[in-house]
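Okay, start.cif now, which holds mmCIF, C-alpha atoms; chains and numbers go by the auth columns:
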data_target
#
loop_
_atom_site.group_PDB
_atom_site.id
_atom_site.type_symbol
_atom_site.label_atom_id
_atom_site.label_comp_id
_atom_site.label_asym_id
_atom_site.label_seq_id
_atom_site.Cartn_x
_atom_site.Cartn_y
_atom_site.Cartn_z
_atom_site.B_iso_or_equiv
_atom_site.auth_seq_id
_atom_site.auth_asym_id
ATOM 1 C CA MET A 1 91.411 104.689 108.508 0.00 1 A
ATOM 2 C CA THR A 2 89.060 102.184 107.001 0.00 2 A
ATOM 3 C CA LEU A 3 89.857 99.027 105.110 0.00 3 A
ATOM 4 C CA GLN A 4 88.931 100.598 101.776 0.00 4 A
ATOM 5 C CA TYR A 5 91.859 103.016 101.812 0.00 5 A
ATOM 6 C CA TYR A 6 94.344 100.222 102.391 0.00 6 A
ATOM 7 C CA LEU A 7 92.784 98.106 99.647 0.00 7 A
ATOM 8 C CA LEU A 8 92.867 101.012 97.193 0.00 8 A
ATOM 9 C CA LEU A 9 96.518 101.662 97.976 0.00 9 A
ATOM 10 C CA ALA A 10 97.363 97.965 97.601 0.00 10 A
ATOM 11 C CA ALA A 11 95.440 97.791 94.315 0.00 11 A
ATOM 12 C CA ALA A 12 97.292 100.842 93.002 0.00 12 A
ATOM 13 C CA LEU A 13 100.656 99.321 93.980 0.00 13 A
ATOM 14 C CA PHE A 14 99.725 96.025 92.367 0.00 14 A
ATOM 15 C CA CYS A 15 98.602 97.745 89.154 0.00 15 A
ATOM 16 C CA ILE A 16 101.848 99.732 89.001 0.00 16 A
ATOM 17 C CA GLY A 17 103.742 96.475 89.441 0.00 17 A
ATOM 18 C CA ILE A 18 101.760 94.766 86.667 0.00 18 A
ATOM 19 C CA TYR A 19 102.360 97.755 84.380 0.00 19 A
ATOM 20 C CA GLY A 20 106.093 97.637 85.060 0.00 20 A
ATOM 21 C CA LEU A 21 106.137 93.884 84.535 0.00 21 A
ATOM 22 C CA VAL A 22 104.366 94.056 81.174 0.00 22 A
ATOM 23 C CA THR A 23 106.031 97.119 79.659 0.00 23 A
ATOM 24 C CA SER A 24 109.629 96.809 80.824 0.00 24 A
ATOM 25 C CA ARG A 25 112.306 94.992 78.901 0.00 25 A
ATOM 26 C CA ASN A 26 114.965 95.486 81.574 0.00 26 A
ATOM 27 C CA VAL A 27 115.306 92.559 83.972 0.00 27 A
ATOM 28 C CA ILE A 28 116.122 94.756 86.960 0.00 28 A
ATOM 29 C CA ARG A 29 112.900 96.712 86.433 0.00 29 A
ATOM 30 C CA VAL A 30 110.958 93.462 86.129 0.00 30 A
ATOM 31 C CA LEU A 31 112.368 92.256 89.463 0.00 31 A
ATOM 32 C CA MET A 32 111.498 95.581 91.064 0.00 32 A
ATOM 33 C CA SER A 33 107.953 95.309 89.694 0.00 33 A
ATOM 34 C CA ILE A 34 107.590 91.833 91.197 0.00 34 A
ATOM 35 C CA GLU A 35 108.789 93.178 94.544 0.00 35 A
ATOM 36 C CA LEU A 36 106.223 95.974 94.308 0.00 36 A
ATOM 37 C CA MET A 37 103.481 93.434 93.679 0.00 37 A
ATOM 38 C CA LEU A 38 104.599 91.361 96.669 0.00 38 A
ATOM 39 C CA ASN A 39 104.516 94.482 98.852 0.00 39 A
ATOM 40 C CA ALA A 40 100.937 95.112 97.714 0.00 40 A
ATOM 41 C CA VAL A 41 100.074 91.573 98.807 0.00 41 A
ATOM 42 C CA ASN A 42 101.707 92.247 102.183 0.00 42 A
ATOM 43 C CA LEU A 43 99.643 95.382 102.591 0.00 43 A
ATOM 44 C CA ASN A 44 96.476 93.388 101.870 0.00 44 A
ATOM 45 C CA LEU A 45 97.459 90.714 104.392 0.00 45 A
ATOM 46 C CA MET A 46 98.075 93.305 107.097 0.00 46 A
ATOM 47 C CA ALA A 47 94.887 95.255 106.363 0.00 47 A
ATOM 48 C CA PHE A 48 92.630 92.197 106.349 0.00 48 A
ATOM 49 C CA SER A 49 94.287 90.830 109.474 0.00 49 A
ATOM 50 C CA ASN A 50 93.716 94.087 111.308 0.00 50 A
ATOM 51 C CA PHE A 51 90.152 94.387 110.021 0.00 51 A
ATOM 52 C CA LEU A 52 88.977 90.833 110.715 0.00 52 A
ATOM 53 C CA SER A 53 90.716 90.077 114.002 0.00 53 A
ATOM 54 C CA PRO A 54 92.792 92.901 115.510 0.00 54 A
ATOM 55 C CA ARG A 55 94.109 90.722 118.343 0.00 55 A
ATOM 56 C CA ASP A 56 95.497 87.931 116.155 0.00 56 A
ATOM 57 C CA VAL A 57 98.784 88.268 114.328 0.00 57 A
ATOM 58 C CA THR A 58 98.111 85.794 111.506 0.00 58 A
ATOM 59 C CA GLY A 59 98.351 88.440 108.773 0.00 59 A
ATOM 60 C CA GLN A 60 101.628 89.695 110.173 0.00 60 A
ATOM 61 C CA VAL A 61 103.052 86.175 110.267 0.00 61 A
ATOM 62 C CA PHE A 62 102.060 85.553 106.654 0.00 62 A
ATOM 63 C CA ALA A 63 103.555 88.922 105.700 0.00 63 A
ATOM 64 C CA VAL A 64 106.863 87.918 107.290 0.00 64 A
ATOM 65 C CA PHE A 65 106.816 84.714 105.222 0.00 65 A
ATOM 66 C CA VAL A 66 106.122 86.710 102.056 0.00 66 A
ATOM 67 C CA ILE A 67 108.967 89.102 102.886 0.00 67 A
ATOM 68 C CA THR A 68 111.295 86.125 103.361 0.00 68 A
ATOM 69 C CA ILE A 69 110.244 84.613 100.032 0.00 69 A
ATOM 70 C CA ALA A 70 110.661 88.007 98.338 0.00 70 A
ATOM 71 C CA ALA A 71 114.190 88.363 99.711 0.00 71 A
ATOM 72 C CA ALA A 72 115.123 84.904 98.448 0.00 72 A
ATOM 73 C CA GLU A 73 113.549 85.664 95.062 0.00 73 A
ATOM 74 C CA ALA A 74 115.475 88.916 94.786 0.00 74 A
ATOM 75 C CA ALA A 75 118.780 87.257 95.701 0.00 75 A
ATOM 76 C CA VAL A 76 118.358 84.377 93.257 0.00 76 A
ATOM 77 C CA GLY A 77 116.996 86.647 90.517 0.00 77 A
ATOM 78 C CA LEU A 78 119.867 89.109 90.821 0.00 78 A
ATOM 79 C CA ALA A 79 122.397 86.267 90.815 0.00 79 A
ATOM 80 C CA ILE A 80 120.900 84.925 87.584 0.00 80 A
ATOM 81 C CA VAL A 81 120.862 88.411 86.048 0.00 81 A
ATOM 82 C CA LEU A 82 124.504 88.954 87.021 0.00 82 A
ATOM 83 C CA SER A 83 125.487 85.618 85.509 0.00 83 A
ATOM 84 C CA ILE A 84 123.669 86.371 82.243 0.00 84 A
ATOM 85 C CA TYR A 85 125.127 89.880 82.138 0.00 85 A
ATOM 86 C CA ARG A 86 128.632 88.468 82.399 0.00 86 A
ATOM 87 C CA ASN A 87 127.982 86.188 79.422 0.00 87 A
ATOM 88 C CA ARG A 88 125.834 88.451 77.205 0.00 88 A
ATOM 89 C CA ASP A 89 126.817 92.026 78.285 0.00 89 A
ATOM 90 C CA THR A 90 123.144 93.091 78.394 0.00 90 A
ATOM 91 C CA VAL A 91 120.149 92.916 80.692 0.00 91 A
ATOM 92 C CA ASP A 92 117.610 93.243 77.880 0.00 92 A
ATOM 93 C CA MET A 93 115.036 90.465 78.120 0.00 93 A
ATOM 94 C CA GLU A 94 114.799 90.119 74.336 0.00 94 A
ATOM 95 C CA GLN A 95 118.440 89.028 74.252 0.00 95 A
ATOM 96 C CA PHE A 96 117.965 86.158 76.722 0.00 96 A
ATOM 97 C CA ASN A 97 117.800 83.198 74.381 0.00 97 A
ATOM 98 C CA LEU A 98 119.995 80.870 76.428 0.00 98 A
ATOM 99 C CA LEU A 99 117.330 78.198 76.814 0.00 99 A
ATOM 100 C CA LYS A 100 116.262 78.051 73.170 0.00 100 A
ATOM 101 C CA TRP A 101 117.224 74.996 71.127 0.00 101 A
#

Show me, as structure tokens, the structure contained in the file I just sent.
Amino acid sequence: MTLQYYLLLAAALFCIGIYGLVTSRNVIRVLMSIELMLNAVNLNLMAFSNFLSPRDVTGQVFAVFVITIAAAEAAVGLAIVLSIYRNRDTVDMEQFNLLKW
């Protein structure tokens, strides 16, 4: 397969993630959309790494770092959502006014 197919797939995943990020009011869906966008970035890193220098593993190493960051982001994000849910009994983003004066 050529590089174009991978880039089209990654662009489609990223656009789906942006759509979910913009239209969703549920925090869990927003976190899932961010994860989808990070997976599109990983796909781009792997495709460009394989296309530019098939013998080097630089794209794979960067993808592992992105996966690690995504796991930490998901853990911290879900912990914050759980804490807010315990206090507010909702995961609607319009109801999160904890930081307003």

Margin query: What does the structure give for the distance between atom CA of A:Ile67 and atom CA of A:Glu94, in Å to one decimal?
Written below: 29.2 Å

Margin query: With all atoms listed in the file as the counted atoms, please give the residues lying no more than 9 Å from stretch 73-75 of chain A, apart from itself and same-chain residues fewer than 5 positions off, as a count of residues only.
Written below: 5

Check: Interatomic distance between atom CA of A:Val22 and atom CA of A:Ile34?
Finding: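 Separating atom CA of A:Val22 from atom CA of A:Ile34 is a distance of 10.8 Å.
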
Check: Can you list, as a VMD selection string, the residues that the PyMOL selection byres ((chain A and resi 47-50) around 12) selects here?
Finding: chain A and resid 1 to 10 40 to 46 51 to 63

Next item on the list: Run the PyMOL selection byres ((chain A and resi 16) around 12) mentally over the shown coordinates, then write out the matched residues as a count of residues only, using the chain letters and numbers from the document.
Entry: 26

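Put simply, atom CA of A:Tyr85 is 19.8 Å away from atom CA of A:Ala72.
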
Margin query: Which residues are close to A:Asp92, i.e. within 9 Å by all atoms listed in the file, leaving aside same-chain residues fewer than 5 positions away? Reply as a ChimeraX atom specification.
Written below: /A:25-27

Margin query: So that I can check the surroundings of A:Thr90, please list as a ChimeraX atom specification every protein, DNA and RNA residue that reaches within 12 Å of it, counting only C-alpha atoms and ignoring chain neighbours fewer than 6 positions away.
Written below: /A:25-28,81-84,96-97

Which centre and edge lengths in Å to one decimal define the box along x, y and z that fits every listed atom of stretch 80-99 of chain A plus 8 Å per side, as lines of an AutoDock Vina configuration file?
center_x = 121.7
center_y = 85.7
center_z = 80.9
size_x = 29.8
size_y = 31.0
size_z = 29.3
